[in-house]
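Visitor: Next comes run.csv, CSV, C-alpha atoms:
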```
chain,number,residue,atom,x,y,z
A,1,MET,CA,-6.3,-70.0,7.2
A,2,THR,CA,-9.3,-67.8,7.5
A,3,PHE,CA,-11.1,-66.1,4.6
A,4,LEU,CA,-14.0,-63.8,5.6
A,5,PHE,CA,-16.7,-62.4,3.5
A,6,ARG,CA,-15.1,-63.5,0.2
A,7,ASP,CA,-17.1,-63.8,-2.9
A,8,ALA,CA,-17.2,-67.4,-4.2
A,9,GLY,CA,-16.1,-66.1,-7.6
A,10,SER,CA,-13.0,-64.3,-6.2
A,11,LEU,CA,-12.2,-67.4,-4.2
A,12,ALA,CA,-12.4,-69.6,-7.3
A,13,GLY,CA,-10.1,-67.1,-9.1
A,14,HIS,CA,-7.6,-67.0,-6.3
A,15,GLY,CA,-5.1,-68.9,-8.4
A,16,ARG,CA,-3.3,-71.5,-6.3
A,17,ALA,CA,-5.4,-73.8,-4.1
A,18,LEU,CA,-5.9,-72.7,-0.5
A,19,CYS,CA,-5.4,-76.3,0.6
A,20,PRO,CA,-3.1,-77.9,-1.9
A,21,GLN,CA,-2.4,-80.9,0.4
A,22,GLY,CA,-6.1,-81.6,0.6
A,23,SER,CA,-8.7,-81.0,3.3
A,24,VAL,CA,-11.9,-82.3,5.0
A,25,VAL,CA,-14.7,-79.8,4.6
A,26,CYS,CA,-17.8,-79.3,6.6
A,27,ILE,CA,-20.5,-77.0,5.4
A,28,GLY,CA,-23.3,-75.3,7.2
A,29,ALA,CA,-24.8,-72.1,8.5
A,30,PHE,CA,-23.4,-72.7,12.0
A,31,ASP,CA,-25.6,-70.1,13.6
A,32,GLY,CA,-25.2,-70.7,17.4
A,33,LEU,CA,-22.8,-73.6,17.1
A,34,HIS,CA,-25.3,-75.9,18.8
A,35,LEU,CA,-24.9,-79.6,19.5
A,36,GLY,CA,-25.9,-80.5,15.9
A,37,HIS,CA,-23.2,-78.2,14.5
A,38,ARG,CA,-20.7,-79.5,17.0
A,39,ALA,CA,-21.4,-83.1,16.0
A,40,LEU,CA,-20.8,-82.1,12.3
A,41,VAL,CA,-17.6,-80.3,13.0
A,42,GLY,CA,-16.4,-83.0,15.4
A,43,ARG,CA,-16.9,-85.7,12.7
A,44,ALA,CA,-15.0,-83.6,10.2
A,45,VAL,CA,-12.1,-82.9,12.6
A,46,GLU,CA,-11.9,-86.6,13.4
A,47,ARG,CA,-11.7,-87.6,9.8
A,48,ALA,CA,-9.2,-84.9,8.9
A,49,ARG,CA,-6.9,-86.0,11.7
A,50,ALA,CA,-7.1,-89.6,10.4
A,51,LEU,CA,-6.2,-88.4,6.9
A,52,GLY,CA,-3.5,-86.0,8.0
A,53,VAL,CA,-5.1,-82.9,6.4
A,54,PRO,CA,-6.7,-79.7,7.8
A,55,THR,CA,-10.3,-79.3,8.6
A,56,VAL,CA,-12.1,-76.5,6.9
A,57,ALA,CA,-15.5,-75.2,8.0
A,58,LEU,CA,-17.3,-73.4,5.3
A,59,GLY,CA,-20.2,-71.0,6.0
A,60,PHE,CA,-22.0,-68.0,4.6
A,61,GLU,CA,-22.5,-64.4,5.5
A,62,PRO,CA,-25.2,-63.2,5.6
A,63,LEU,CA,-27.1,-66.4,6.3
A,64,PRO,CA,-28.9,-67.6,3.1
A,65,ARG,CA,-32.2,-67.2,4.9
A,66,GLU,CA,-31.3,-63.6,5.8
A,67,PHE,CA,-30.4,-62.9,2.2
A,68,PHE,CA,-33.6,-64.3,0.7
A,69,ALA,CA,-36.0,-63.0,3.4
A,70,ARG,CA,-34.4,-59.6,3.7
A,71,GLU,CA,-36.3,-57.7,6.5
A,72,ALA,CA,-38.1,-60.9,7.6
A,73,GLY,CA,-34.9,-63.0,8.1
A,74,PRO,CA,-34.4,-65.1,11.1
A,75,PRO,CA,-33.0,-63.5,14.3
A,76,ARG,CA,-29.2,-64.1,14.6
A,77,LEU,CA,-27.9,-66.3,17.4
A,78,MET,CA,-24.3,-65.3,17.0
A,79,LEU,CA,-22.3,-62.8,15.0
A,80,ALA,CA,-19.7,-63.8,12.3
A,81,ARG,CA,-16.6,-63.1,14.4
A,82,ALA,CA,-17.9,-65.2,17.3
A,83,LYS,CA,-18.7,-68.0,14.8
A,84,VAL,CA,-15.2,-68.0,13.5
A,85,GLU,CA,-13.7,-68.0,17.0
A,86,GLY,CA,-16.0,-70.9,18.0
A,87,LEU,CA,-15.2,-73.0,14.9
A,88,ARG,CA,-11.5,-72.6,15.5
A,89,ALA,CA,-11.9,-73.6,19.2
A,90,LEU,CA,-13.6,-76.8,17.9
A,91,GLY,CA,-10.5,-77.7,16.0
A,92,CYS,CA,-11.0,-76.2,12.5
A,93,GLU,CA,-7.7,-75.1,11.1
A,94,GLY,CA,-9.5,-73.3,8.3
A,95,VAL,CA,-12.7,-71.2,8.5
A,96,GLY,CA,-14.3,-69.6,5.5
A,97,LEU,CA,-17.3,-67.4,5.3
A,98,LEU,CA,-18.4,-66.9,1.7
A,99,ARG,CA,-20.4,-63.7,1.0
A,100,PHE,CA,-23.9,-64.8,0.2
A,101,ASN,CA,-25.0,-62.5,-2.5
A,102,ALA,CA,-27.0,-62.7,-5.8
A,103,ALA,CA,-24.0,-64.2,-7.6
A,104,LEU,CA,-23.6,-67.0,-5.1
A,105,ALA,CA,-27.3,-67.6,-5.0
A,106,ALA,CA,-27.3,-68.0,-8.8
A,107,MET,CA,-24.2,-70.2,-8.9
A,108,PRO,CA,-25.1,-73.7,-10.1
A,109,ALA,CA,-24.3,-76.4,-7.5
A,110,GLU,CA,-21.9,-78.1,-10.0
A,111,ASP,CA,-19.9,-75.0,-10.3
A,112,PHE,CA,-19.7,-74.6,-6.5
A,113,VAL,CA,-18.4,-78.1,-6.2
A,114,ARG,CA,-15.8,-77.7,-8.9
A,115,GLN,CA,-14.6,-74.2,-8.2
A,116,VAL,CA,-14.7,-74.1,-4.4
A,117,LEU,CA,-14.6,-77.6,-3.0
A,118,VAL,CA,-12.3,-79.2,-5.6
A,119,ASP,CA,-10.1,-76.4,-7.1
A,120,GLN,CA,-9.6,-74.3,-4.0
A,121,LEU,CA,-10.0,-76.7,-1.0
A,122,ALA,CA,-9.0,-79.9,-2.7
A,123,ALA,CA,-11.6,-81.7,-0.6
A,124,ARG,CA,-11.0,-85.3,0.2
A,125,GLU,CA,-14.1,-85.6,2.2
A,126,VAL,CA,-17.2,-83.3,2.5
A,127,TRP,CA,-19.5,-83.5,5.5
A,128,VAL,CA,-22.9,-81.8,5.7
A,129,GLY,CA,-25.9,-81.8,8.0
A,130,PRO,CA,-29.3,-83.4,7.5
A,131,GLU,CA,-31.2,-82.3,4.4
A,132,PHE,CA,-28.4,-79.9,3.3
A,133,ARG,CA,-29.1,-78.0,0.1
A,134,PHE,CA,-26.9,-75.6,-1.9
A,135,GLY,CA,-26.6,-74.0,-5.3
A,136,LYS,CA,-29.0,-72.3,-7.6
A,137,GLY,CA,-32.6,-73.2,-6.8
A,138,ARG,CA,-31.3,-75.4,-3.9
A,139,ALA,CA,-30.5,-78.1,-6.6
A,140,GLY,CA,-27.4,-79.4,-4.8
A,141,ASP,CA,-27.8,-82.1,-2.2
A,142,LEU,CA,-25.9,-85.0,-0.7
A,143,ALA,CA,-26.5,-87.2,-3.8
A,144,LEU,CA,-25.1,-84.5,-6.1
A,145,LEU,CA,-22.0,-84.2,-3.9
A,146,GLN,CA,-21.5,-87.9,-3.9
A,147,ALA,CA,-21.9,-88.2,-7.6
A,148,HIS,CA,-19.5,-85.5,-8.5
A,149,GLY,CA,-17.0,-86.6,-5.9
A,150,ALA,CA,-17.1,-90.2,-7.3
A,151,ALA,CA,-16.8,-89.0,-10.9
A,152,LEU,CA,-13.5,-87.2,-10.1
A,153,VAL,CA,-11.8,-90.1,-8.4
A,154,ALA,CA,-10.1,-91.3,-11.6
A,155,SER,CA,-8.5,-87.9,-12.0
A,156,GLY,CA,-7.2,-87.9,-8.4
A,157,ARG,CA,-9.4,-85.0,-7.5
A,158,GLY,CA,-12.4,-86.9,-6.1
A,159,PHE,CA,-13.9,-86.9,-2.7
A,160,ALA,CA,-16.3,-88.8,-0.6
A,161,ALA,CA,-19.4,-87.0,0.8
A,162,HIS,CA,-21.3,-87.8,4.0
A,163,GLU,CA,-24.3,-86.6,6.0
A,164,ILE,CA,-24.4,-86.8,9.8
A,165,ALA,CA,-27.6,-87.9,11.5
A,166,PRO,CA,-29.8,-85.4,13.3
A,167,VAL,CA,-29.0,-84.8,16.9
A,168,HIS,CA,-31.8,-85.1,19.4
A,169,VAL,CA,-31.9,-84.0,23.1
A,170,ASP,CA,-34.7,-85.4,25.2
A,171,GLY,CA,-36.5,-86.5,22.1
A,172,GLU,CA,-36.3,-83.1,20.4
A,173,ARG,CA,-34.3,-82.4,17.3
A,174,VAL,CA,-31.6,-79.8,17.8
A,175,SER,CA,-31.9,-76.8,15.5
A,176,SER,CA,-31.2,-73.1,15.4
A,177,THR,CA,-34.9,-72.5,14.8
A,178,ARG,CA,-35.9,-74.3,18.1
A,179,ILE,CA,-33.2,-72.4,20.0
A,180,ARG,CA,-34.4,-69.1,18.7
A,181,ALA,CA,-37.9,-70.0,19.9
A,182,ALA,CA,-36.6,-71.0,23.3
A,183,LEU,CA,-34.7,-67.7,23.8
A,184,ALA,CA,-37.6,-65.6,22.7
A,185,ALA,CA,-39.8,-67.4,25.3
A,186,GLY,CA,-37.2,-66.9,28.0
A,187,GLU,CA,-36.5,-70.6,28.3
A,188,PHE,CA,-32.8,-70.4,28.9
A,189,ALA,CA,-32.3,-73.8,30.5
A,190,HIS,CA,-34.0,-75.4,27.5
A,191,ALA,CA,-31.8,-73.4,25.1
A,192,ALA,CA,-28.7,-74.4,27.0
A,193,ARG,CA,-29.5,-78.1,26.6
A,194,LEU,CA,-29.8,-77.7,22.8
A,195,LEU,CA,-26.7,-75.5,22.6
A,196,GLY,CA,-24.6,-77.6,25.0
A,197,ARG,CA,-23.8,-74.5,27.0
A,198,PRO,CA,-25.7,-71.4,28.4
A,199,TYR,CA,-26.5,-68.8,25.8
A,200,ALA,CA,-24.1,-65.9,25.9
A,201,ILE,CA,-23.1,-63.0,23.7
A,202,GLY,CA,-19.5,-61.7,23.6
A,203,GLY,CA,-17.8,-58.6,22.2
A,204,HIS,CA,-15.7,-55.6,23.0
A,205,VAL,CA,-17.2,-52.9,25.2
A,206,VAL,CA,-17.9,-49.7,23.3
A,207,ARG,CA,-18.8,-46.2,24.4
A,208,GLY,CA,-22.5,-45.4,24.4
A,209,GLN,CA,-24.4,-42.2,25.2
A,210,GLN,CA,-23.4,-42.6,28.8
A,211,LEU,CA,-27.0,-42.0,29.8
A,212,GLY,CA,-26.9,-44.9,32.3
A,213,ARG,CA,-24.1,-43.3,34.2
A,214,THR,CA,-26.1,-40.1,34.6
A,215,LEU,CA,-29.0,-42.2,35.9
A,216,GLY,CA,-26.9,-44.1,38.4
A,217,TYR,CA,-26.7,-47.2,36.3
A,218,PRO,CA,-23.4,-47.2,34.3
A,219,THR,CA,-23.4,-50.0,31.7
A,220,ALA,CA,-20.9,-51.9,29.6
A,221,ASN,CA,-22.3,-51.7,26.0
A,222,LEU,CA,-21.9,-54.3,23.2
A,223,ARG,CA,-23.1,-53.6,19.7
A,224,TYR,CA,-24.8,-56.4,17.6
A,225,GLY,CA,-23.5,-55.5,14.2
A,226,GLY,CA,-26.9,-54.4,12.8
A,227,LYS,CA,-28.2,-57.9,13.0
A,228,VAL,CA,-31.6,-58.8,14.5
A,229,PRO,CA,-31.0,-60.4,17.9
A,230,ALA,CA,-32.7,-63.6,19.0
A,231,LEU,CA,-33.9,-62.0,22.2
A,232,ARG,CA,-35.0,-58.6,23.5
A,233,GLY,CA,-35.8,-57.3,26.9
A,234,ILE,CA,-34.4,-57.0,30.4
A,235,TYR,CA,-32.4,-60.0,31.9
A,236,ALA,CA,-30.5,-61.2,34.9
A,237,THR,CA,-27.0,-62.0,33.6
A,238,TRP,CA,-23.4,-62.9,34.4
A,239,VAL,CA,-20.6,-61.0,32.8
A,240,HIS,CA,-17.4,-63.0,32.1
A,241,GLY,CA,-14.0,-61.5,31.4
A,242,VAL,CA,-14.1,-58.7,34.1
A,243,GLY,CA,-12.3,-60.4,37.0
A,244,ASP,CA,-11.4,-63.8,38.3
A,245,ALA,CA,-15.1,-64.8,38.6
A,246,PRO,CA,-18.2,-64.0,36.6
A,247,TRP,CA,-19.8,-60.7,37.7
A,248,PRO,CA,-23.5,-60.5,38.5
A,249,SER,CA,-25.4,-58.0,36.4
A,250,VAL,CA,-28.7,-56.9,35.0
A,251,SER,CA,-28.8,-56.3,31.2
A,252,SER,CA,-31.0,-54.6,28.7
A,253,PHE,CA,-31.0,-55.8,25.1
A,254,GLY,CA,-33.0,-53.7,22.7
A,255,THR,CA,-33.3,-50.4,21.0
A,256,ARG,CA,-34.0,-48.3,24.2
A,257,PRO,CA,-37.4,-46.9,23.1
A,258,THR,CA,-37.6,-44.4,26.0
A,259,VAL,CA,-34.7,-42.4,24.5
A,260,ASP,CA,-35.7,-43.2,20.8
A,261,GLY,CA,-32.9,-45.6,20.1
A,262,VAL,CA,-32.7,-47.5,16.8
A,263,GLU,CA,-29.8,-49.9,16.8
A,264,PRO,CA,-30.0,-53.0,19.0
A,265,LEU,CA,-27.6,-52.6,21.9
A,266,LEU,CA,-26.7,-54.9,24.7
A,267,GLU,CA,-26.2,-52.9,27.9
A,268,ALA,CA,-24.9,-54.7,31.0
A,269,HIS,CA,-25.0,-53.0,34.4
A,270,LEU,CA,-22.5,-54.8,36.7
A,271,PHE,CA,-23.5,-54.7,40.3
A,272,ASP,CA,-21.2,-52.7,42.6
A,273,PHE,CA,-18.5,-52.4,40.0
A,274,ALA,CA,-16.1,-49.5,39.7
A,275,GLY,CA,-13.7,-49.5,36.8
A,276,ASP,CA,-13.1,-48.8,33.1
A,277,LEU,CA,-14.2,-51.6,30.7
A,278,TYR,CA,-13.9,-49.7,27.4
A,279,GLY,CA,-12.3,-51.9,24.8
A,280,ARG,CA,-12.3,-55.0,26.9
A,281,ARG,CA,-13.6,-58.3,25.5
A,282,VAL,CA,-16.4,-59.6,27.7
A,283,GLU,CA,-19.2,-62.2,27.4
A,284,VAL,CA,-22.7,-61.8,28.8
A,285,GLU,CA,-24.4,-65.0,29.9
A,286,PHE,CA,-28.2,-64.8,30.1
A,287,VAL,CA,-29.9,-66.4,33.1
A,288,ALA,CA,-33.5,-65.3,33.3
A,289,LYS,CA,-35.8,-62.8,31.6
A,290,LEU,CA,-37.2,-60.1,33.9
A,291,ARG,CA,-39.6,-58.3,31.5
A,292,ASP,CA,-40.1,-57.0,28.0
A,293,GLU,CA,-38.5,-53.8,26.8
A,294,GLU,CA,-41.0,-50.9,27.1
A,295,LYS,CA,-41.2,-47.1,26.5
A,296,PHE,CA,-41.5,-45.1,29.7
A,297,PRO,CA,-43.2,-41.6,29.8
A,298,ASP,CA,-40.1,-40.0,31.3
A,299,LEU,CA,-36.7,-40.8,32.8
A,300,PRO,CA,-37.8,-40.8,36.5
A,301,SER,CA,-40.3,-43.6,35.6
A,302,LEU,CA,-37.5,-45.5,33.8
A,303,VAL,CA,-35.2,-45.2,36.8
A,304,ALA,CA,-37.9,-46.4,39.2
A,305,GLN,CA,-38.3,-49.5,37.1
A,306,MET,CA,-34.5,-50.0,36.9
A,307,HIS,CA,-34.4,-50.1,40.7
A,308,GLN,CA,-36.9,-53.0,40.6
A,309,ASP,CA,-35.0,-54.8,37.9
A,310,ASP,CA,-31.8,-54.4,39.9
A,311,ALA,CA,-33.4,-56.0,43.0
A,312,GLN,CA,-35.0,-58.8,41.0
A,313,ALA,CA,-31.9,-59.7,39.1
A,314,ARG,CA,-29.8,-59.8,42.3
A,315,ALA,CA,-32.3,-62.2,43.9
A,316,ILE,CA,-32.3,-64.5,40.9
A,317,LEU,CA,-28.5,-64.6,40.6
A,318,HIS,CA,-28.2,-65.3,44.3
A,319,GLN,CA,-29.8,-68.6,43.6
A,320,HIS,CA,-28.0,-69.3,40.3
A,321,GLU,CA,-24.4,-70.4,39.7
A,322,PRO,CA,-22.6,-69.0,36.6
A,323,GLN,CA,-21.8,-71.8,34.1
A,324,ARG,CA,-20.0,-70.3,31.2
A,325,ALA,CA,-16.4,-69.2,31.0
A,326,ILE,CA,-15.4,-66.7,28.3
A,327,ALA,CA,-14.2,-68.4,25.1
```
Let me see the file written as structure tokens.
Guide:
Amino acid sequence: MTFLFRDAGSLAGHGRALCPQGSVVCIGAFDGLHLGHRALVGRAVERARALGVPTVALGFEPLPREFFAREAGPPRLMLARAKVEGLRALGCEGVGLLRFNAALAAMPAEDFVRQVLVDQLAAREVWVGPEFRFGKGRAGDLALLQAHGAALVASGRGFAAHEIAPVHVDGERVSSTRIRAALAAGEFAHAARLLGRPYAIGGHVVRGQQLGRTLGYPTANLRYGGKVPALRGIYATWVHGVGDAPWPSVSSFGTRPTVDGVEPLLEAHLFDFAGDLYGRRVEVEFVAKLRDEEKFPDLPSLVAQMHQDDAQARAILHQHEPQRAIA
């Protein structure tokens, strides 16, 4: 069961319950699926298996902070489709992304509990992260969930609500905010410790302007769905999903200012590769940042810098073993 980009109102008016046999629900933003998210999902999956009901992960699209901050929203660690795939891989039979819009932002917390958690998901347990808030004015919290769940027990529609403890790595609390900061600073080893795996971006290879091919540097291009990425620049990378082993590469992630680009695009040049990757699902694992994106005065200057990037990335990857297999 997957419901993507559904309005909470339409979900509530769906008619029959999506989980008539009951469910264990975990709620969060889940951006990045870091160790804290994995602890939350893992606890929900464990409890659901003990109760013999499905696990449902409930998130939001766009992220609430993106909706409220508009142009100043947080950079995105992962796109919606990758989030759904990741949650399913962690054991969630059901994944729902509710469309976070003005109507959902204005929905009282009590209505969200009744219409979504009780009427549609028949929650028997609800699990949330530390300091979780929801509903109009962020009035909903763990105490509200517990009170409403307990009040419904007599009717047979009640649920228990729980909060997991914060997850720490080397004394530091794991959070999407801290991971974004580590990626922006090029601290990929640090980000990997908080994520529980190296940072990578996956997607299907799309056709670009093919400028790289004319410059002697053909690239596999991945779009980022119009979202603001958590990193920008030139990187040494491994590309997974091309052959039997990860492929060494140098990648550019940005708007390509030299050719007046606008949309963020991830372009991976695979060293010594000959073949057609269009339409293939690949994953780009980031290893080290080489430099910031910059605008060159002309294409020959850009090509000269690309030669340097190529050599530097090859040297770095020669000393680095790939760690991530494609999900």
Visitor: Go ahead and compute the interatomic distance for CA of Ala139 (chain A) and CA of Ala80 (chain A), in Å to one decimal.
Guide: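 Distance between the two atoms: 26.0 Å.
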Visitor: Might you pull out every residue within 12 Å of His320 (chain A), with all atoms listed in the file counted and same-chain residues fewer than 5 positions away left off, and present them as an mmCIF file with C-alpha atoms, in the coordinates of the input?
Guide:
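And here is the file that came out, selection_30.cif:
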```
data_model
loop_
_atom_site.group_PDB
_atom_site.id
_atom_site.type_symbol
_atom_site.label_atom_id
_atom_site.label_comp_id
_atom_site.auth_asym_id
_atom_site.auth_seq_id
_atom_site.Cartn_x
_atom_site.Cartn_y
_atom_site.Cartn_z
ATOM 1 C CA ALA A 189 -32.300 -73.800 30.500
ATOM 2 C CA ALA A 236 -30.500 -61.200 34.900
ATOM 3 C CA THR A 237 -27.000 -62.000 33.600
ATOM 4 C CA TRP A 238 -23.400 -62.900 34.400
ATOM 5 C CA PRO A 246 -18.200 -64.000 36.600
ATOM 6 C CA PRO A 248 -23.500 -60.500 38.500
ATOM 7 C CA GLU A 285 -24.400 -65.000 29.900
ATOM 8 C CA PHE A 286 -28.200 -64.800 30.100
ATOM 9 C CA VAL A 287 -29.900 -66.400 33.100
ATOM 10 C CA ALA A 288 -33.500 -65.300 33.300
ATOM 11 C CA ALA A 313 -31.900 -59.700 39.100
ATOM 12 C CA ARG A 314 -29.800 -59.800 42.300
ATOM 13 C CA ALA A 315 -32.300 -62.200 43.900
#
```
Visitor: Please work out which residues fall within 9 Å of (-23.7, -79.7, 14.0), coordinates as given in the file, with all atoms listed in the file counting, and return them as an MDAnalysis selection string.
Guide: chainID A and resid 28 30 33:42 128:129 164 166:167 174:175
Visitor: What would the file look like if the residues just selected were written as a PDB file, in the frame of the given file with C-alpha atoms?
Guide:
```pdb
ATOM      1  CA  GLY A  28     -23.300 -75.300   7.200  1.00  0.00           C
ATOM      2  CA  PHE A  30     -23.400 -72.700  12.000  1.00  0.00           C
ATOM      3  CA  LEU A  33     -22.800 -73.600  17.100  1.00  0.00           C
ATOM      4  CA  HIS A  34     -25.300 -75.900  18.800  1.00  0.00           C
ATOM      5  CA  LEU A  35     -24.900 -79.600  19.500  1.00  0.00           C
ATOM      6  CA  GLY A  36     -25.900 -80.500  15.900  1.00  0.00           C
ATOM      7  CA  HIS A  37     -23.200 -78.200  14.500  1.00  0.00           C
ATOM      8  CA  ARG A  38     -20.700 -79.500  17.000  1.00  0.00           C
ATOM      9  CA  ALA A  39     -21.400 -83.100  16.000  1.00  0.00           C
ATOM     10  CA  LEU A  40     -20.800 -82.100  12.300  1.00  0.00           C
ATOM     11  CA  VAL A  41     -17.600 -80.300  13.000  1.00  0.00           C
ATOM     12  CA  GLY A  42     -16.400 -83.000  15.400  1.00  0.00           C
ATOM     13  CA  VAL A 128     -22.900 -81.800   5.700  1.00  0.00           C
ATOM     14  CA  GLY A 129     -25.900 -81.800   8.000  1.00  0.00           C
ATOM     15  CA  ILE A 164     -24.400 -86.800   9.800  1.00  0.00           C
ATOM     16  CA  PRO A 166     -29.800 -85.400  13.300  1.00  0.00           C
ATOM     17  CA  VAL A 167     -29.000 -84.800  16.900  1.00  0.00           C
ATOM     18  CA  VAL A 174     -31.600 -79.800  17.800  1.00  0.00           C
ATOM     19  CA  SER A 175     -31.900 -76.800  15.500  1.00  0.00           C
TER      20      SER A 175
END
```
Visitor: Using only C-alpha atoms, find the one residue out of A:Asp309, A:Glu71, A:Glu85, A:Glu163 that sits nearest to Tyr217 (chain A).
Guide: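 The answer is A:Asp309, which sits nearest to Tyr217 (chain A).
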Visitor: Which one of A:Val45, A:Ile179, A:Ala268, A:Ala150 sits closest to Cys92 (chain A) if you count all atoms listed in the file?
Guide: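 That would be A:Val45, the residue with the smallest distance to Cys92 (chain A).
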Visitor: When distances are computed from all atoms listed in the file, which of A:Gly254, A:Pro75, A:Gly186, A:Pro300 shows the smallest separation from Gly32 (chain A)?
Guide: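 Going through A:Gly254, A:Pro75, A:Gly186, A:Pro300 one by one, the smallest distance to Gly32 (chain A) is for A:Pro75.
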Visitor: From the set A:Tyr235, A:Phe296, A:Tyr278, A:Tyr224, which residue has the shortest atom-to-atom contact distance to Val205 (chain A), counting all atoms listed in the file?
Guide: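 Counting all atoms listed in the file, the residue closest to Val205 (chain A) is A:Tyr278.
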Visitor: Rank nothing, just name the residue among A:Gly86, A:Gly196, A:Gly171, A:Gly279 nearest to Leu222 (chain A), using only C-alpha atoms.
Guide: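 Going through A:Gly86, A:Gly196, A:Gly171, A:Gly279 one by one, the smallest distance to Leu222 (chain A) is for A:Gly279.
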Visitor: Start from the incomplete input, build N, CA and C atoms for region 72-91 of chain A, and deliver everything as a short mmCIF file (atom, residue, chain, number, x, y, z; two decimals), in the coordinates of the input.
Guide:
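See part36.cif below for the written result:
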```cif
data_model
loop_
_atom_site.label_atom_id
_atom_site.label_comp_id
_atom_site.auth_asym_id
_atom_site.auth_seq_id
_atom_site.Cartn_x
_atom_site.Cartn_y
_atom_site.Cartn_z
N ALA A 72 -37.41 -59.88 6.79
CA ALA A 72 -38.10 -60.90 7.60
C ALA A 72 -37.19 -62.09 7.88
N GLY A 73 -35.89 -61.88 7.83
CA GLY A 73 -34.90 -63.00 8.10
C GLY A 73 -34.97 -63.43 9.52
N PRO A 74 -34.38 -64.59 9.79
CA PRO A 74 -34.40 -65.10 11.10
C PRO A 74 -33.49 -64.31 12.08
N PRO A 75 -33.86 -64.17 13.35
CA PRO A 75 -33.00 -63.50 14.30
C PRO A 75 -31.64 -64.30 14.36
N ARG A 76 -30.58 -63.57 14.62
CA ARG A 76 -29.20 -64.10 14.60
C ARG A 76 -28.85 -64.58 16.03
N LEU A 77 -28.36 -65.82 16.15
CA LEU A 77 -27.90 -66.30 17.40
C LEU A 77 -26.49 -65.85 17.77
N MET A 78 -25.66 -65.69 16.75
CA MET A 78 -24.30 -65.30 17.00
C MET A 78 -23.78 -64.48 15.78
N LEU A 79 -22.84 -63.58 16.04
CA LEU A 79 -22.30 -62.80 15.00
C LEU A 79 -21.10 -63.54 14.31
N ALA A 80 -20.70 -63.04 13.15
CA ALA A 80 -19.70 -63.80 12.30
C ALA A 80 -18.40 -63.99 13.09
N ARG A 81 -17.90 -62.97 13.77
CA ARG A 81 -16.60 -63.10 14.40
C ARG A 81 -16.66 -64.17 15.53
N ALA A 82 -17.75 -64.21 16.29
CA ALA A 82 -17.90 -65.20 17.30
C ALA A 82 -17.96 -66.62 16.70
N LYS A 83 -18.61 -66.72 15.53
CA LYS A 83 -18.70 -68.00 14.80
C LYS A 83 -17.31 -68.51 14.44
N VAL A 84 -16.50 -67.61 13.88
CA VAL A 84 -15.20 -68.00 13.50
C VAL A 84 -14.34 -68.44 14.68
N GLU A 85 -14.41 -67.68 15.76
CA GLU A 85 -13.70 -68.00 17.00
C GLU A 85 -14.13 -69.39 17.50
N GLY A 86 -15.45 -69.62 17.48
CA GLY A 86 -16.00 -70.90 18.00
C GLY A 86 -15.57 -72.07 17.13
N LEU A 87 -15.58 -71.91 15.81
CA LEU A 87 -15.20 -73.00 14.90
C LEU A 87 -13.70 -73.32 15.10
N ARG A 88 -12.89 -72.32 15.27
CA ARG A 88 -11.50 -72.60 15.50
C ARG A 88 -11.27 -73.30 16.85
N ALA A 89 -12.04 -72.91 17.85
CA ALA A 89 -11.90 -73.60 19.20
C ALA A 89 -12.33 -75.04 19.07
N LEU A 90 -13.20 -75.38 18.11
CA LEU A 90 -13.60 -76.80 17.90
C LEU A 90 -12.66 -77.59 17.13
N GLY A 91 -11.58 -76.97 16.65
CA GLY A 91 -10.50 -77.70 16.00
C GLY A 91 -10.39 -77.51 14.49
#
```
